[in-house]
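Asks: Next comes coords_34.cif, mmCIF, C-alpha atoms and all ligand atoms:
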data_final
loop_
_atom_site.label_atom_id
_atom_site.label_comp_id
_atom_site.auth_asym_id
_atom_site.auth_seq_id
_atom_site.Cartn_x
_atom_site.Cartn_y
_atom_site.Cartn_z
CA MET A 275 38.03 -18.41 -32.37
CA LYS A 276 37.34 -20.95 -35.11
CA ASP A 277 38.90 -23.74 -33.01
CA LEU A 278 36.64 -22.88 -30.14
CA LEU A 279 33.53 -23.04 -32.30
CA ASN A 280 34.54 -26.38 -33.77
CA ILE A 281 34.20 -28.01 -30.40
CA GLU A 282 31.08 -30.13 -30.93
CA LEU A 283 30.23 -30.16 -27.25
CA LEU A 284 29.95 -26.38 -27.14
CA LYS A 285 27.84 -26.28 -30.28
CA ASN A 286 25.50 -28.95 -28.94
CA THR A 287 25.16 -27.12 -25.64
CA PHE A 288 24.23 -23.90 -27.43
CA ASP A 289 21.94 -25.80 -29.78
CA ASP A 290 19.83 -27.23 -26.97
CA LEU A 291 19.44 -24.04 -24.94
CA PRO A 292 15.81 -22.95 -24.60
CA VAL A 293 16.74 -19.37 -25.62
CA GLY A 294 18.03 -18.25 -28.98
CA VAL A 295 21.81 -17.87 -29.25
CA GLY A 296 23.53 -16.54 -32.36
CA ILE A 297 27.21 -15.78 -32.91
CA PHE A 298 28.22 -13.05 -35.34
CA GLN A 299 31.50 -11.88 -36.73
CA VAL A 300 31.88 -8.21 -37.62
CA GLU A 301 34.55 -8.47 -40.28
CA ASP A 302 35.03 -4.73 -40.77
CA LEU A 303 34.33 -2.63 -37.67
CA ASN A 304 33.44 0.33 -39.93
CA ASP A 305 30.87 -1.49 -42.04
CA ILE A 306 27.65 -3.04 -40.75
CA LYS A 307 27.18 -4.83 -44.08
CA SER A 308 30.22 -6.96 -43.20
CA VAL A 309 28.41 -8.71 -40.30
CA ARG A 310 28.42 -12.47 -40.81
CA TYR A 311 26.44 -15.32 -39.20
CA VAL A 312 28.90 -17.72 -37.57
CA PHE A 313 26.57 -19.96 -35.61
CA MET A 314 22.83 -19.92 -34.86
CA ASN A 315 21.30 -22.41 -32.46
CA LYS A 316 18.09 -24.35 -33.18
CA VAL A 317 15.87 -21.73 -31.56
CA VAL A 318 17.21 -18.90 -33.73
CA LEU A 319 17.06 -20.99 -36.89
CA TYR A 320 13.47 -21.90 -36.07
CA GLU A 321 12.57 -18.24 -35.46
CA MET A 322 14.26 -17.28 -38.75
CA ARG A 323 12.59 -20.22 -40.57
CA LYS A 324 16.01 -21.02 -42.07
CA THR A 325 18.35 -24.02 -42.17
CA ARG A 326 21.99 -24.09 -41.07
CA ASP A 327 23.17 -24.24 -44.68
CA GLU A 328 21.20 -21.18 -45.63
CA VAL A 329 22.77 -19.15 -42.82
CA PHE A 330 26.10 -20.38 -41.43
CA GLY A 331 29.06 -18.41 -42.77
CA LYS A 332 26.83 -16.05 -44.81
CA LYS A 333 26.53 -12.31 -44.35
CA ILE A 334 23.27 -10.83 -43.02
CA ILE A 335 23.03 -8.70 -46.16
CA GLU A 336 22.92 -11.91 -48.24
CA VAL A 337 20.45 -13.85 -46.09
CA ALA A 338 18.16 -11.10 -44.83
CA PRO A 339 18.72 -7.95 -46.95
CA GLU A 340 15.35 -6.62 -45.71
CA ALA A 341 16.95 -6.09 -42.28
CA PHE A 342 18.90 -3.19 -43.78
CA GLU A 343 15.79 -1.57 -45.16
CA HIS A 344 14.20 -0.38 -41.93
CA ASP A 345 15.44 1.55 -38.88
CA GLY A 346 14.69 -1.28 -36.43
CA GLY A 347 16.82 -3.82 -38.32
CA LEU A 348 19.62 -1.31 -38.90
CA ALA A 349 19.68 -0.39 -35.20
CA VAL A 350 20.06 -4.04 -34.13
CA ILE A 351 22.88 -4.76 -36.61
CA GLU A 352 24.60 -1.50 -35.63
CA THR A 353 24.52 -2.81 -32.04
CA TYR A 354 26.51 -5.91 -33.09
CA ARG A 355 29.11 -3.63 -34.65
CA LYS A 356 29.24 -1.38 -31.60
CA VAL A 357 29.64 -4.27 -29.14
CA ALA A 358 32.45 -5.74 -31.29
CA GLU A 359 34.12 -2.32 -31.39
CA THR A 360 33.80 -1.33 -27.73
CA GLY A 361 33.74 -4.76 -26.05
CA GLU A 362 30.79 -3.61 -23.94
CA ASN A 363 27.58 -5.66 -23.78
CA ILE A 364 24.28 -4.00 -24.70
CA ASN A 365 20.82 -5.01 -23.52
CA LEU A 366 18.38 -4.05 -26.27
CA GLY A 367 15.27 -4.89 -24.22
CA LEU A 368 12.25 -5.66 -26.39
CA VAL A 369 12.82 -5.75 -30.15
CA GLU A 370 10.09 -6.10 -32.78
CA TYR A 371 11.09 -8.42 -35.58
CA SER A 372 9.26 -9.23 -38.77
CA ASN A 373 9.93 -10.69 -42.18
CA GLU A 374 7.66 -12.41 -44.67
CA GLU A 375 7.35 -15.53 -42.53
CA VAL A 376 7.79 -14.44 -38.92
CA ALA A 377 6.77 -11.48 -36.83
CA GLY A 378 7.13 -11.12 -33.12
CA THR A 379 8.58 -9.47 -30.04
CA TYR A 380 11.93 -10.61 -28.72
CA GLU A 381 13.93 -9.85 -25.61
CA CYS A 382 17.39 -9.29 -26.97
CA SER A 383 20.88 -8.70 -25.58
CA VAL A 384 24.24 -8.51 -27.36
CA HIS A 385 27.46 -9.69 -25.68
CA HIS A 386 31.11 -9.45 -26.62
CA ILE A 387 33.06 -12.73 -26.97
CA GLN A 388 36.45 -11.60 -28.17
CA ASP A 389 37.98 -9.62 -31.06
CA ASN A 390 35.28 -9.04 -33.70
CA TYR A 391 32.96 -11.75 -32.41
CA VAL A 392 29.73 -11.11 -30.53
CA TYR A 393 26.89 -13.34 -29.45
CA VAL A 394 23.21 -12.46 -29.26
CA MET A 395 20.65 -13.92 -26.88
CA LEU A 396 17.03 -13.89 -27.99
CA ARG A 397 13.85 -14.88 -26.22
CA ASN A 398 10.55 -14.88 -28.04
CA VAL A 399 8.12 -13.02 -25.76
CA THR A 400 5.44 -12.40 -28.40
CA GLU A 401 2.80 -14.43 -26.60
CA LEU A 402 3.67 -12.88 -23.23
CA GLU A 403 3.50 -9.38 -24.72
CA GLN A 404 0.15 -10.13 -26.40
CA LYS A 405 -1.20 -11.44 -23.10
CA LYS A 406 0.07 -8.31 -21.36
CA ILE A 407 -1.64 -6.05 -23.90
CA GLU A 408 -4.84 -8.08 -23.64
CA LEU A 409 -4.71 -7.94 -19.82
CA GLU A 410 -4.13 -4.17 -19.90
CA ARG A 411 -7.11 -3.79 -22.25
CA LYS A 412 -9.31 -5.91 -19.97
CA ASN A 413 -8.16 -3.96 -16.90
CA LYS A 414 -9.00 -0.70 -18.63
CA GLU A 415 -12.44 -2.02 -19.57
CA LEU A 416 -13.02 -3.19 -16.01
CA ASN A 417 -11.96 0.20 -14.64
CA GLN A 418 -14.38 1.94 -17.00
CA TYR A 419 -17.12 -0.48 -16.03
CA VAL A 420 -16.59 0.12 -12.31
CA SER A 421 -16.49 3.84 -12.89
CA ILE A 422 -19.74 3.90 -14.93
CA VAL A 423 -21.60 1.58 -12.56
CA SER A 424 -20.45 3.54 -9.50
CA HIS A 425 -21.50 6.84 -11.01
CA ASP A 426 -24.84 5.38 -12.11
CA LEU A 427 -25.46 3.98 -8.63
CA LYS A 428 -25.03 7.43 -7.14
CA ASP A 429 -28.14 8.78 -8.90
CA PRO A 430 -30.79 6.46 -7.40
CA LEU A 431 -28.98 6.69 -4.09
CA ASN A 432 -29.25 10.47 -4.15
CA SER A 433 -32.98 10.16 -4.90
CA ILE A 434 -33.47 7.82 -1.92
CA THR A 435 -31.54 10.22 0.34
CA ILE A 436 -33.64 13.20 -0.79
CA VAL A 437 -36.93 11.34 -0.24
CA LEU A 438 -35.73 10.19 3.19
CA GLN A 439 -34.83 13.74 4.15
CA LEU A 440 -38.21 15.01 2.93
CA ILE A 441 -40.08 12.40 4.97
CA GLU A 442 -37.95 13.10 8.05
CA ARG A 443 -38.57 16.84 7.74
CA GLU A 444 -42.30 16.40 7.04
CA TYR A 445 -42.83 14.05 9.98
CA ALA A 446 -40.25 15.55 12.35
CA GLY A 447 -41.19 14.74 15.96
CA ARG A 448 -44.30 12.82 14.84
CA LEU A 449 -42.71 9.40 14.16
CA ASP A 450 -43.07 6.73 16.81
CA ASP A 451 -39.90 5.09 18.17
CA LYS A 452 -40.14 2.09 15.89
CA LEU A 453 -40.44 4.16 12.68
CA ASP A 454 -37.74 6.50 13.93
CA LYS A 455 -35.42 3.50 14.29
CA PHE A 456 -36.27 2.33 10.75
CA PHE A 457 -35.47 5.74 9.34
CA LYS A 458 -32.20 5.89 11.19
CA TYR A 459 -31.32 2.45 9.85
CA LEU A 460 -32.20 3.49 6.28
CA SER A 461 -30.23 6.68 6.58
CA ASP A 462 -27.15 4.86 7.98
CA SER A 463 -27.37 2.31 5.18
CA THR A 464 -27.50 4.94 2.44
CA THR A 465 -24.53 6.74 4.03
CA ARG A 466 -22.61 3.47 4.14
CA MET A 467 -23.45 2.74 0.52
CA ARG A 468 -22.35 6.23 -0.55
CA THR A 469 -19.02 5.71 1.26
CA MET A 470 -18.57 2.33 -0.42
CA ILE A 471 -19.22 3.79 -3.88
CA THR A 472 -16.74 6.61 -3.23
CA GLU A 473 -14.19 4.06 -2.02
CA LEU A 474 -14.71 1.93 -5.14
CA LEU A 475 -14.11 5.00 -7.29
CA ASP A 476 -11.01 5.89 -5.24
CA PHE A 477 -9.72 2.34 -5.65
CA ASN A 478 -10.23 2.59 -9.39
CA SER A 479 -8.38 5.86 -9.74
CA LEU A 480 -5.24 4.75 -7.84
CA GLY A 481 -2.20 5.34 -10.05
CA GLN A 482 -4.29 6.34 -13.07
CA GLY A 483 -2.74 8.99 -15.32
CA LYS A 484 0.00 9.72 -12.79
CA GLU A 485 3.77 9.82 -13.08
CA MET A 486 6.38 8.33 -10.76
CA THR A 487 8.60 10.86 -9.00
CA SER A 488 11.50 10.77 -6.58
CA ILE A 489 10.11 10.67 -3.03
CA ASP A 490 11.93 11.21 0.27
CA CYS A 491 10.09 8.72 2.50
CA ASN A 492 11.24 10.55 5.68
CA VAL A 493 9.28 13.64 4.59
CA LEU A 494 6.36 11.56 3.33
CA ILE A 495 6.00 9.72 6.66
CA GLU A 496 6.33 12.97 8.64
CA ASN A 497 3.39 14.33 6.65
CA VAL A 498 1.39 11.16 7.26
CA GLN A 499 2.03 11.58 11.00
CA LYS A 500 0.75 15.17 10.79
CA ASP A 501 -2.44 13.92 9.09
CA LEU A 502 -2.88 11.32 11.84
CA GLU A 503 -2.05 13.78 14.64
CA ALA A 504 -5.50 13.60 16.28
CA LYS A 505 -5.49 9.77 16.29
CA ILE A 506 -1.91 9.64 17.59
CA ASN A 507 -2.65 12.13 20.38
CA ASN A 508 -5.94 10.49 21.39
CA THR A 509 -4.35 7.07 21.76
CA VAL A 510 -0.97 8.41 23.01
CA ALA A 511 0.59 6.20 20.33
CA ASN A 512 4.38 5.98 20.06
CA ILE A 513 5.54 6.02 16.47
CA HIS A 514 9.19 5.19 15.86
CA VAL A 515 10.53 5.72 12.33
CA ASP A 516 13.98 4.47 11.26
CA ALA A 517 15.94 6.43 8.63
CA MET A 518 14.04 6.07 5.37
CA PRO A 519 15.29 6.08 1.76
CA THR A 520 14.37 8.21 -1.24
CA ILE A 521 12.54 6.04 -3.75
CA ASN A 522 10.79 6.33 -7.10
CA GLY A 523 7.04 6.05 -6.86
CA TYR A 524 3.52 7.50 -6.95
CA LYS A 525 3.47 10.09 -4.17
CA THR A 526 -0.21 10.33 -3.23
CA GLU A 527 -0.56 6.54 -3.38
CA LEU A 528 2.51 5.88 -1.21
CA ARG A 529 1.24 8.39 1.32
CA LEU A 530 -2.07 6.53 1.46
CA LEU A 531 -0.21 3.23 1.84
CA PHE A 532 1.80 4.37 4.90
CA GLN A 533 -1.27 6.13 6.30
CA ASN A 534 -3.41 2.97 6.10
CA LEU A 535 -0.78 0.74 7.67
CA ILE A 536 0.05 3.15 10.51
CA SER A 537 -3.58 3.93 11.29
CA ASN A 538 -4.46 0.19 11.30
CA GLY A 539 -1.57 -0.36 13.75
CA ILE A 540 -3.02 2.32 16.01
CA LYS A 541 -6.62 1.15 15.58
CA PHE A 542 -6.43 -2.65 16.01
CA GLN A 543 -5.42 -2.66 19.68
CA GLU A 544 -6.90 -4.17 22.84
CA ALA A 545 -8.68 -1.45 24.81
CA GLY A 546 -6.28 0.25 27.22
CA THR A 547 -3.09 -0.68 25.34
CA THR A 548 -0.76 2.09 24.22
CA PRO A 549 0.00 1.56 20.53
CA ASN A 550 3.71 1.15 19.72
CA ILE A 551 4.39 1.36 16.00
CA THR A 552 7.81 0.95 14.39
CA LEU A 553 8.60 1.66 10.77
CA SER A 554 11.79 0.17 9.37
CA VAL A 555 13.31 -0.61 5.99
CA LYS A 556 15.87 -3.00 4.52
CA ASN A 557 17.69 -2.80 1.24
CA GLU A 558 17.82 -6.35 -0.08
CA ASP A 559 17.42 -6.59 -3.84
CA GLY A 560 15.00 -3.62 -3.68
CA TRP A 561 13.44 -1.95 -0.63
CA THR A 562 11.46 -3.91 1.94
CA PHE A 563 9.50 -1.66 4.29
CA SER A 564 7.99 -2.95 7.54
CA VAL A 565 5.31 -1.49 9.79
CA HIS A 566 5.23 -3.27 13.15
CA ASP A 567 2.55 -2.89 15.83
CA ASN A 568 1.76 -4.37 19.25
CA GLY A 569 -1.93 -4.85 18.42
CA ILE A 570 -4.46 -7.68 18.46
CA GLY A 571 -2.78 -9.60 15.62
CA ILE A 572 -4.31 -11.46 12.68
CA ALA A 573 -4.93 -15.21 12.51
CA GLU A 574 -3.08 -17.03 9.72
CA GLU A 575 -6.34 -18.30 8.13
CA ASN A 576 -7.38 -14.71 7.35
CA LYS A 577 -4.25 -13.92 5.41
CA ASP A 578 -5.92 -13.69 1.97
CA LYS A 579 -9.24 -12.31 3.14
CA ILE A 580 -7.91 -9.08 4.64
CA PHE A 581 -6.49 -7.80 1.34
CA SER A 582 -9.87 -8.06 -0.45
CA MET A 583 -12.17 -5.11 -0.95
CA PHE A 584 -14.73 -4.55 1.85
CA GLN A 585 -13.48 -7.58 3.82
CA ARG A 586 -13.19 -7.11 7.58
CA LEU A 587 -12.57 -9.41 10.50
CA HIS A 588 -14.54 -7.29 12.95
CA ASN A 589 -17.77 -5.35 12.83
CA SER A 590 -17.75 -1.57 12.85
CA LYS A 591 -18.89 -1.44 16.46
CA GLU A 592 -15.68 -3.14 17.63
CA TYR A 593 -13.33 -1.26 15.30
CA GLU A 594 -14.62 1.36 12.86
CA GLY A 595 -13.77 1.00 9.18
CA SER A 596 -15.06 -0.34 5.89
CA GLY A 597 -12.44 -2.87 4.85
CA VAL A 598 -10.87 -1.06 1.91
CA GLY A 599 -7.59 0.06 3.53
CA LEU A 600 -5.57 -3.08 2.84
CA ALA A 601 -7.16 -3.59 -0.62
CA HIS A 602 -5.86 -0.10 -1.43
CA CYS A 603 -2.44 -0.99 0.05
CA LYS A 604 -2.22 -4.12 -2.12
CA LYS A 605 -3.14 -2.25 -5.29
CA ILE A 606 -0.64 0.53 -4.50
CA VAL A 607 2.21 -1.91 -3.82
CA GLU A 608 1.39 -3.82 -7.02
CA LEU A 609 1.37 -0.55 -8.98
CA HIS A 610 5.01 -0.29 -7.89
CA ASN A 611 5.61 -3.93 -8.97
CA GLY A 612 6.03 -4.96 -5.36
CA LYS A 613 4.39 -7.41 -2.95
CA ILE A 614 2.68 -7.01 0.43
CA TRP A 615 2.43 -9.60 3.21
CA PHE A 616 2.41 -9.83 7.00
CA ASN A 617 3.66 -11.84 9.97
CA SER A 618 1.50 -11.88 13.03
CA GLU A 619 1.12 -13.43 16.41
CA PRO A 620 -2.50 -13.06 17.55
CA GLY A 621 -2.59 -11.15 20.81
CA LYS A 622 0.96 -9.87 20.41
CA GLY A 623 1.15 -7.81 17.24
CA THR A 624 1.51 -7.69 13.50
CA THR A 625 4.22 -6.64 11.07
CA PHE A 626 3.16 -5.68 7.56
CA HIS A 627 5.95 -5.83 5.00
CA PHE A 628 5.94 -4.51 1.46
CA SER A 629 8.60 -4.54 -1.19
CA ILE A 630 9.31 -1.81 -3.74
CA PRO A 631 11.81 -2.85 -6.41
CA GLN A 632 14.64 -0.36 -7.01
P1 LIG B 701 -10.51 -1.54 7.91
O1 LIG B 701 -9.35 -0.97 8.64
O2 LIG B 701 -11.40 -0.51 7.34
O3 LIG B 701 -11.25 -2.59 8.66
P2 LIG B 701 -8.54 -2.80 6.21
O4 LIG B 701 -8.72 -3.25 4.79
O5 LIG B 701 -7.52 -1.78 6.49
O6 LIG B 701 -9.98 -2.30 6.63
O7 LIG B 701 -8.27 -4.08 7.08
C1 LIG B 701 -9.02 -5.27 6.88
C2 LIG B 701 -9.06 -6.08 8.17
O8 LIG B 701 -7.77 -6.59 8.45
C3 LIG B 701 -9.42 -5.26 9.37
O9 LIG B 701 -10.82 -5.17 9.52
C4 LIG B 701 -8.78 -6.03 10.51
O10 LIG B 701 -9.59 -7.08 10.90
C5 LIG B 701 -7.53 -6.60 9.85
N1 LIG B 701 -6.33 -5.77 10.15
C6 LIG B 701 -5.76 -4.85 9.33
N2 LIG B 701 -4.66 -4.32 9.90
C7 LIG B 701 -4.52 -4.91 11.10
C8 LIG B 701 -3.56 -4.80 12.16
N3 LIG B 701 -2.52 -3.97 12.09
N4 LIG B 701 -3.72 -5.59 13.25
C9 LIG B 701 -4.78 -6.45 13.34
N5 LIG B 701 -5.72 -6.60 12.36
C10 LIG B 701 -5.60 -5.84 11.26
#
Please render this file's structure as structure tokens.
Replies:
Amino acid sequence: MKDLLNIELLKNTFDDLPVGVGIFQVEDLNDIKSVRYVFMNKVVLYEMRKTRDEVFGKKIIEVAPEAFEHDGGLAVIETYRKVAETGENINLGLVEYSNEEVAGTYECSVHHIQDNYVYVMLRNVTELEQKKIELERKNKELNQYVSIVSHDLKDPLNSITIVLQLIEREYAGRLDDKLDKFFKYLSDSTTRMRTMITELLDFNSLGQGKEMTSIDCNVLIENVQKDLEAKINNTVANIHVDAMPTINGYKTELRLLFQNLISNGIKFQEAGTTPNITLSVKNEDGWTFSVHDNGIGIAEENKDKIFSMFQRLHNSKEYEGSGVGLAHCKKIVELHNGKIWFNSEPGKGTTFHFSIPQ
């Protein structure tokens, strides 16, 4: 082992790696206090705020006795011992580290080399973690903001609706055509606004306070087809579903995702065409689901627009809808750490794909 570590080339290679690499020797497999630093590369020495001379060849108990004084430190050192004993690598995930000079979050894994020697790989993810926490806080704030504003908007809207109804009742049959049209327009607009507010609130609540469960997608899609029965029957749509997997996810949200994609496939068709929809799935480094239709297609230049809230490519006279379906789909897929995209040939059809990591 010593010979191997004396090879300058190997040391230099380790030294210049952008991740922290440290080699430890567990002298006595029954005693975690016997763990000794053999080699630490520049990154680890920098993170420890120590020099080679202060560390190389010394025991952890001599250099960093405080590591033995708290459960976190003890657990990490015990891992070195365990890996040396069993020969099996252990991924510790995120580890919080702090001493008088440094504090941070590290991604850490421990690997067996041979005999009583192990090496540790460390990556400082403190900044990333802080950004993640900050982003989560901002997202939460934004969700609360949307929720408050949406609820507040409902009050004046209700007042307008009540006044409109009163006027309509009071003047029933006495309004001339022009005024009648204005009232109808006002009433349609308030209904549309109420729908939009509800949809904003629905968007906000996707995935909130819910737990992932194991979901048989065959059953889920059967239920979606039952919900869409009227639409399927009216358009005589053919829906073909390949064998689907059981995955981990948010049930209500996944149901909404399949429902939106299938109903868009049925809806966005040239008049007189029978919708043919095929659902398939591939297992390639996670699941990739596809929903294919023979509809009107989507031009490439609209590829970002369609996933935004309330964005539509047609007016509601051509194809009814409010433009939230795909925004919901995107949020749902992202809740599952996946991606959504499509391939389309205008006039021939569209295939939406989404990935769900395993
Ligand atoms: P909505 O269905 O309410 O219009 P979506 O957010 O589901 O809203 O879709 C946004 C827009 O993307 C639609 O208005 C339509 O122009 C386009 N689109 C969505 N799915 C398809 C599809 N399968 N084929 C063609 N165009 C589609």
Asks: Please list, as a ChimeraX atom specification, the residues that have an atom at most 10 Å away from (4.4, -6.6, 0.9) in the coordinates of this file, counting only C-alpha atoms.
Replies: /A:562-564,603-604,607-608,612-616,626-630
Asks: Neighbouring residues of ligand LIG 701 (chain B) are defined here as those with any atom at most 9 Å from a ligand atom, counting all atoms listed in the file; list them as JSON, numbers by chain.
Replies: {"A": [534, 535, 536, 537, 538, 539, 540, 541, 542, 543, 565, 566, 567, 568, 569, 570, 571, 572, 573, 576, 577, 579, 580, 581, 582, 583, 584, 585, 586, 587, 588, 589, 590, 593, 594, 595, 596, 597, 598, 599, 600, 601, 602, 603, 618, 620, 623, 624, 625, 626]}
Asks: Could you tell me how far atom CA of A:Gln404 lies from atom CA of A:Gln418, in Å and to one decimal?
Replies: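 Result for atom CA of A:Gln404 versus atom CA of A:Gln418: 21.1 Å, one decimal.
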Asks: Take atom CA of A:Met518 and atom CA of A:Thr552 and report the distance between them in Å, one decimal.
Replies: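 Separating atom CA of A:Met518 from atom CA of A:Thr552 is a distance of 12.1 Å.
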Asks: What's the separation between atom CA of A:Phe457 and atom CA of A:Asp426, in Å to one decimal place?
Replies: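 It comes out at 23.9 Å.
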Asks: For a cut-off of 8 Å around (-20.2, -2.6, -8.9), file coordinates, pick out all residues using all atoms listed in the file and list them as number ranges by chain.
Replies: A: 420, 423-424
Asks: With only C-alpha atoms as the atoms that count, which of A:His610, A:Arg326, A:Tyr419, A:Met467 lies nearest to A:Thr487?
Replies: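 Selected residue with least distance to A:Thr487: A:His610.
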Asks: Would you pick out the contacts of A:Val317 at 9 Å or less, using all atoms listed in the file, so that residues sharing its chain but fewer than 2 positions from it are not included, and give the list as an MDAnalysis selection string?
Replies: chainID A and resid 289:295 314:315 319:322 396:397
Asks: Nearest residue to A:Asn492 out of A:Pro519, A:Gly367, A:Pro430, A:Gly546, using all atoms listed in the file?
Replies: A:Pro519
Asks: In terms of the shortest atom-to-atom distance over all atoms listed in the file, which of A:Glu359, A:Glu410, A:Glu503, A:Glu496 is closest to A:Asp516?
Replies: A:Glu496
Asks: How about completing stretch 485-496 of chain A with N, CA and C atoms and giving it to me as a short mmCIF file (atom, residue, chain, number, x, y, z; two decimals), in the coordinates of the input?
Replies:
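Output contents, as saved in result.cif:
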data_model
loop_
_atom_site.label_atom_id
_atom_site.label_comp_id
_atom_site.auth_asym_id
_atom_site.auth_seq_id
_atom_site.Cartn_x
_atom_site.Cartn_y
_atom_site.Cartn_z
N GLU A 485 2.37 10.11 -12.75
CA GLU A 485 3.77 9.82 -13.08
C GLU A 485 4.54 9.50 -11.81
N MET A 486 5.52 8.62 -11.92
CA MET A 486 6.38 8.33 -10.76
C MET A 486 7.35 9.50 -10.56
N THR A 487 7.62 9.82 -9.29
CA THR A 487 8.60 10.86 -9.00
C THR A 487 9.54 10.35 -7.90
N SER A 488 10.58 11.14 -7.65
CA SER A 488 11.50 10.77 -6.58
C SER A 488 10.91 11.25 -5.24
N ILE A 489 10.82 10.34 -4.28
CA ILE A 489 10.11 10.67 -3.03
C ILE A 489 11.01 10.39 -1.82
N ASP A 490 11.21 11.40 -0.98
CA ASP A 490 11.93 11.21 0.27
C ASP A 490 10.93 10.64 1.29
N CYS A 491 11.08 9.36 1.63
CA CYS A 491 10.09 8.72 2.50
C CYS A 491 10.10 9.30 3.91
N ASN A 492 11.23 9.91 4.35
CA ASN A 492 11.24 10.55 5.68
C ASN A 492 10.20 11.66 5.72
N VAL A 493 10.21 12.51 4.65
CA VAL A 493 9.28 13.64 4.59
C VAL A 493 7.85 13.12 4.45
N LEU A 494 7.70 12.12 3.58
CA LEU A 494 6.36 11.56 3.33
C LEU A 494 5.73 11.05 4.63
N ILE A 495 6.54 10.32 5.42
CA ILE A 495 6.00 9.72 6.66
C ILE A 495 5.75 10.80 7.72
N GLU A 496 6.60 11.84 7.72
CA GLU A 496 6.33 12.97 8.64
C GLU A 496 4.97 13.58 8.33
#
